[in-house]
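One structure below.
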Amino acid sequence: MTHLMLSVLLLFQRLGAALSDQRKMDNMEEDEDKKSKRKQLGLSCMLNTEVGAVLAVIRQPNPGMYHHHLHHHPDDNYDASVLQSLKSLRALLFNPQQEWRMTDPSVYVSPFLDVIQSDDIPATATAVALQSVLKILRLGMFDEKTPGARDVINSAVTAITGCRLEKTNPVAEDAVMMRILHVLTAIMRHRASVLLTDQSVCIVVNTCFQVVRQSANRGDLLQRTARYTMHELVQIIYSRFPDIEVKDWENSESDTEEDGYMESGYGIGSAIDIFHFLCSLMNVMDIVESDGMSYPATDENTKVFALYLINSCIELSGDSIGKHPKLLRMIQDDLFHHLIYYGVSSSPLILSMISSTVLNLYHFLRRSIRLQLEAFFSFVLLRVAFPGSPFGLQEVAVEAMINFCRQPCFITEAYVNYDCDPTFRNVFEEVCKVLCKYAFPTGALLTSIQVQAFEGLAIIFHYIADRIDKDEDDEEDKEGSKSRSCGPYPVEITEYRPFWEEQPKGEDINSWIDYVRVRKVQKRKILIAGSHYNRDDRKGLEYLKITKLISDPPNAKAYAYFFRYTPKLDKTTIGEFLGDPDVFHVQVLKEFTNTFEFTGMNLDSSLRTYLESFRLPGESQKIQRVVEAFSDRFYDQQSSDLFASKDAVMIFCYSIIMLNTDQHNPQVKKRMTEEDFIKNNRSINGGNDLPREYLCELFQSISTNALSLDDSAGPVVEMNPNRWVQLINRSKIMQPFILCDFDRSLGRDMFAAIAGPSVATVAAVFEHCDEEEVLHECIEALFSIARIAQYGLEDTLDELLCSFCKFTTLLNPYASAEETLYAFSHDMKPKMAILAVFNIANAFKDSIKGGWRTIIDCLLKLKRLKLLPQSVMETENPSSNSEQSKNPGMNTKFGNLMSMESVEEALNLGLSEFEQNMAIIQQCRIGSIFSTSLTLPEDSLLNLGRCIIFAAAGKGQKFSTPVEEEETVGFCWELISSMALANAHRLSTFWPYYHEYLLEVSQFPLFSPIPFSEKAIISLMKMCLKLLASDQMEGSEELIFKSIILMWRMEKEILDTCCEFLLHSASRMITEYPSKLHTHLGWMSVLHLLSSTGRHPETYDHGVETLLQLMSDRNNITRTNYTYCIDCAFAFVALRNSRVEKNVKIMDLLAESATLLVEWYKGGYSDPGSSIGSNGGSTLIEESSRIYNPISFFQRLGESLKKTSLARREEVRNHAVASLERSFILAEELLATPTSCINSFYNVIFAMVDDLHEKMLQYSRRENAERETRSMEGTLKIAMQVLADMYLLFLKPISESNNFRTFWLGILRRMDTCMKAELGEYGESKLPDVIPDLLRKMVMSMKEKEILKITGEDDLWETTFYQIQWIAPALTDDLFPEGINAS
């Protein structure tokens, strides 16, 4: 039950809500009806009021008329129909049949229009009626959907524009004209204005302009209002232009529209007519009276006004103009012709407006105005900027060029469309050169135009630099893509391509860019060919073939285009070539003539244009060929049927040329009259006469303006109608303007074309200007140029750096150090220059080549001025520098580094002058140039190193004191060392060149090895240690030590002056990095330095300990360093003041090293004298065997010990002999072959015995040398014992030798020599006491081993018998009991 009640309750609630909503809707509809009724009533009241006002003004009596006609009613003075229409309207106002919006507007508008059109209505009534119409329009009583709206809106235009003010005064007329302007504006703003016809819109605009014209002599307010209204009307009309559709009739050449299109409201027809009208306003002339005479003069105000409106049309229409052919043709032809014509001959204001108009056209229509844009630059801006024009015009022209350069794509597009096309002028290059010319300082202070021109140049630099960096970053960001190169530099022409043919821009952008770059090279080569042609025509044409600008065999079209479009060619030579009867020349003449477009030109203009391109040859037959070619071309392209045949054209051309000669040749006394000329040309046109008017007109033209038959090759300086028609004709067949984005390759080429004057201008502005803002702009331009120059323009970057280095004041050779320091400290410009130079050197060091010389000169001057920090070689982060080098914002960052504010801030902080200078130098980050040089290309690295080495050697340097020289040289070597360490991975690549530079500087006439060699060897040793420590020495060891050897050979005294450092360095290499030295040269150099620097008493202990440590570890001794270890050991042992205990240790280690030789021998090295060595295979194996042969090593070891055995001190000698014996014992396996064994005996032991014997005899002949003699005798005794012992040890291999008998006789001879040694006054020798025992041992051993036996095949037994009998007779019976033979 409860649930049912709730349901009923909810139902009632819903019904109540529905009823409530219905009541609300009914109330709203009722309210709407009330509002509508109130609105309709309000409109009726408004109309009633307006009707009453008009009637009241009409009925207002004229005071004069009322006085004469007291009983005459006012209505009788006016048209009854006008009054009746107003009264009829009043009768309908409060009883309308329907809403006013749905009522035909003519019902309530026509009465007011009748008043406006009436001739009898006073001006006051007309003004009130106009105000009424204005109120109706503004209240929106009807719209485009209202029935009858089309008729009434067009009728309103007709009525208002046809308003006549005959019964008025000037003041009232101005008021009415103001009302007319307001109403016309309201009509165009009204929603129903879309129903206006093109004719009505044109009438509105024309009426408004008439008011503008009439207001020139009236009040300023009316004129301003009229101009404002005109502009507003144009804005309204052209704001809907982008939405207008293209109709078929626009593609025709006719200027009339189709009727069907006129029914759809105004559109392209009115837009074309109005635009044509605005263009025509530029030809409006004023009649100026002066001195009682009247003459036409340019109406500047009208031109400015017309340009203002034209600009509005273009701005509102945008690129939609290009969709409408008729309007586009009007802009291409009429408008541009006016702009170019008046651009030169008008005021700065008009030129400024014209430039703005062309800039707008460039934005929206540049694809369709390629030739027109070039003509504007050639005949307006570049011509006005030429000296001789009014200064005001020059300023405007420069500003206009800068405005174009500010556009995002203009620079690139101008370069591609004009500079890279052989048939166009170099617009981009010429604009930049004009800016350079204007920006170049001519005095102490820069003028406004100079500053303006420099800002324009800076815009170009920044544009190219920013986009070069962005282009590179974009390419690097493409994953997997390969960065496009800017090269090659320069581009080469590898094959013949017709230079006059354009390749459309396709999808393959890279190939198209390559094509464009090749065309630029072709254009440059064409200009070079033109220069050759003017000097020698054959060489010029041959150059075309060599550079592949002309095909082989030659192409007539190529010659024709060369003659036609190459500027400044000798016209006489061209004429002679074209008139030649050769078949190929005739083909060239035909192709040359076909480059002209005579469509739309009369014969006079065509012939003038044709003959301006060359000088007509003097020979009659040549003239005939030329005239015939022209006649054929003109006849084919003539637009009328004036001439009956080509022959008629040719005959008439001859007649014109004769007339020109007759009228303008000073040698002709009796000149042809007009009648004579007409008579001479009778019946030449296919038997008929040419029209007399035509002949008269042509006669006057030739008489007043001669044909150009001179040979001047100067540029065309003005645009005449003939050239303009040619331009328009050519534009119809020319490729459209190419739209393109920036490309790094093109950017590089663009700047290369202007690099020379640009760098000179920037440097000159920086030099002459003192304004801080301009100086900063120079620095920013400098950075932008550097960012561009890194892409293949290294010469430009070098030139730039050299120019700015001189502004640092550091390179003045005539200034003292104090003067230089003062100039640097008290002027902001040197600080800015040095900061810029070194920041550029950091950021773009990869691209610097020859510029390093001036940078190093500045750096060394800073060093001499004590302005460098203690340690220039600070650790830098390479990645940060590489990133900064690519950062396009680097130049803006520089702006914060140096300014007057920063100087003032430094002063406020209490910084001294020196501290301020040091702060600037710190910001230069000089050290990072060298420590991060790993990114330098090889050329830059070589140039930098060469500059530093030459500076260290003193070339170009003037040192005040030896201390200054020493500091400078040391600093240079510090830089070289830093660079070498940073580039250790490629040391083997560049250091050979550095070594050549060291050799080169050593040949300088004034070269001083001190301190150069001293500082060099110290730096090189430090560098070696660092390379060894970082495991980067591989592959570079020999190169570095080769330079070290060169240094001590330059000046051997450095081994003494730097002995402690060199010893310490060599010791570190030997003790810490022995395993990292791998080359002969390396070990030889290190051990030579160790022995040479360790001979001093203060360094001896360190040197010996180093050697002992090296030789104590068998792992340190290698085949590479073994020989040098022996030499070093001998050098230490041979020292007079060396310690005996040290020498003993050294000799023990030397003797023990023989075990290493045995190991190496067992490892595969053979005796060169053995069969293996003699039958060796390759040369490499033989060489290796020769160098690393352990037997050779042993002989070297033995020779060193042999020489040590002659030392003055007996302990050393005796231990040397003992060590030698020890080495032979340890090397028993090494000397296993007869050859090696015998050679070692001969070279070592025999030589030692002989030397000791000779030394003993020498001492015996000296006075007071008994002790030395006896000492030497004792050593010889030991040596003889060693001889005998070693003989017995190696008896077996020795006996196997073919030369054993000779060897044995050598031993016996030495025994005999010692037995018979005489010591003179010092008594008898003690050697005879030892020799017999030695002989006994040897002979007995030989007999035991049956080497010496009586039954031998040879005579060894007999020989030995007699030798023993001779040496020691007492031993004969003991050793040979058998006698001399068995029998």
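In the structure tokens, each chain is lettered A, B, ... as it comes, each chain's residues begin at 1, and ligands are numbered from 1 in order of appearance.
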
Pull the helix (DSSP H, G or I) assignments for stretch 1299-1341 of chain A out of DSSP run on the backbone, and list those residues as a count of residues only.
33

Which of stretch 295-533 of chain A DSSP labels strand (DSSP E or B), written as an mmCIF file with N, CA, C and O atoms, in the first residue's frame:
```
data_model
loop_
_atom_site.group_PDB
_atom_site.id
_atom_site.type_symbol
_atom_site.label_atom_id
_atom_site.label_comp_id
_atom_site.auth_asym_id
_atom_site.auth_seq_id
_atom_site.Cartn_x
_atom_site.Cartn_y
_atom_site.Cartn_z
ATOM 1 N N TYR A 295 53.197 73.002 -66.788
ATOM 2 C CA TYR A 295 53.841 71.750 -67.186
ATOM 3 C C TYR A 295 53.438 70.661 -66.210
ATOM 4 O O TYR A 295 53.120 70.933 -65.048
ATOM 5 N N PRO A 296 53.418 69.426 -66.679
ATOM 6 C CA PRO A 296 53.000 68.323 -65.810
ATOM 7 C C PRO A 296 54.107 67.966 -64.809
ATOM 8 O O PRO A 296 55.296 68.051 -65.111
ATOM 9 N N ALA A 297 53.690 67.582 -63.637
ATOM 10 C CA ALA A 297 54.622 67.150 -62.596
ATOM 11 C C ALA A 297 54.020 65.971 -61.849
ATOM 12 O O ALA A 297 52.800 65.809 -61.798
ATOM 13 N N THR A 298 54.877 65.168 -61.288
ATOM 14 C CA THR A 298 54.425 63.971 -60.586
ATOM 15 C C THR A 298 53.629 64.332 -59.347
ATOM 16 O O THR A 298 54.035 65.189 -58.555
ATOM 17 N N PRO A 387 76.832 55.300 -56.187
ATOM 18 C CA PRO A 387 77.156 56.711 -55.893
ATOM 19 C C PRO A 387 76.650 57.639 -56.981
ATOM 20 O O PRO A 387 76.725 57.335 -58.166
ATOM 21 N N SER A 389 73.455 58.992 -56.659
ATOM 22 C CA SER A 389 72.040 59.160 -56.329
ATOM 23 C C SER A 389 71.911 60.021 -55.075
ATOM 24 O O SER A 389 72.833 60.108 -54.269
#
```

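Here atom CA of A:Ile464 is placed at a distance of 10.4 Å from atom CA of A:Cys409.
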
With only C-alpha atoms as the counted atoms, please give the residues lying no more than 8 Å from A:Val51, apart from itself and same-chain residues fewer than 3 positions off, as a ChimeraX atom specification.
/A:47-48,54-55,86-87,89-90

As a check of understanding: the span from atom CA of A:Met141 to atom CA of A:Arg101 is 5.5 Å

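What separates atom CA of A:Lys1142 from atom CA of A:Asn1115 is a distance of 21.3 Å.
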
Non-local contacts of stretch 787-795 of chain A (6 Å; only C-alpha atoms; under 5 positions in same chain excluded) as number ranges by chain
A: 465, 847-848
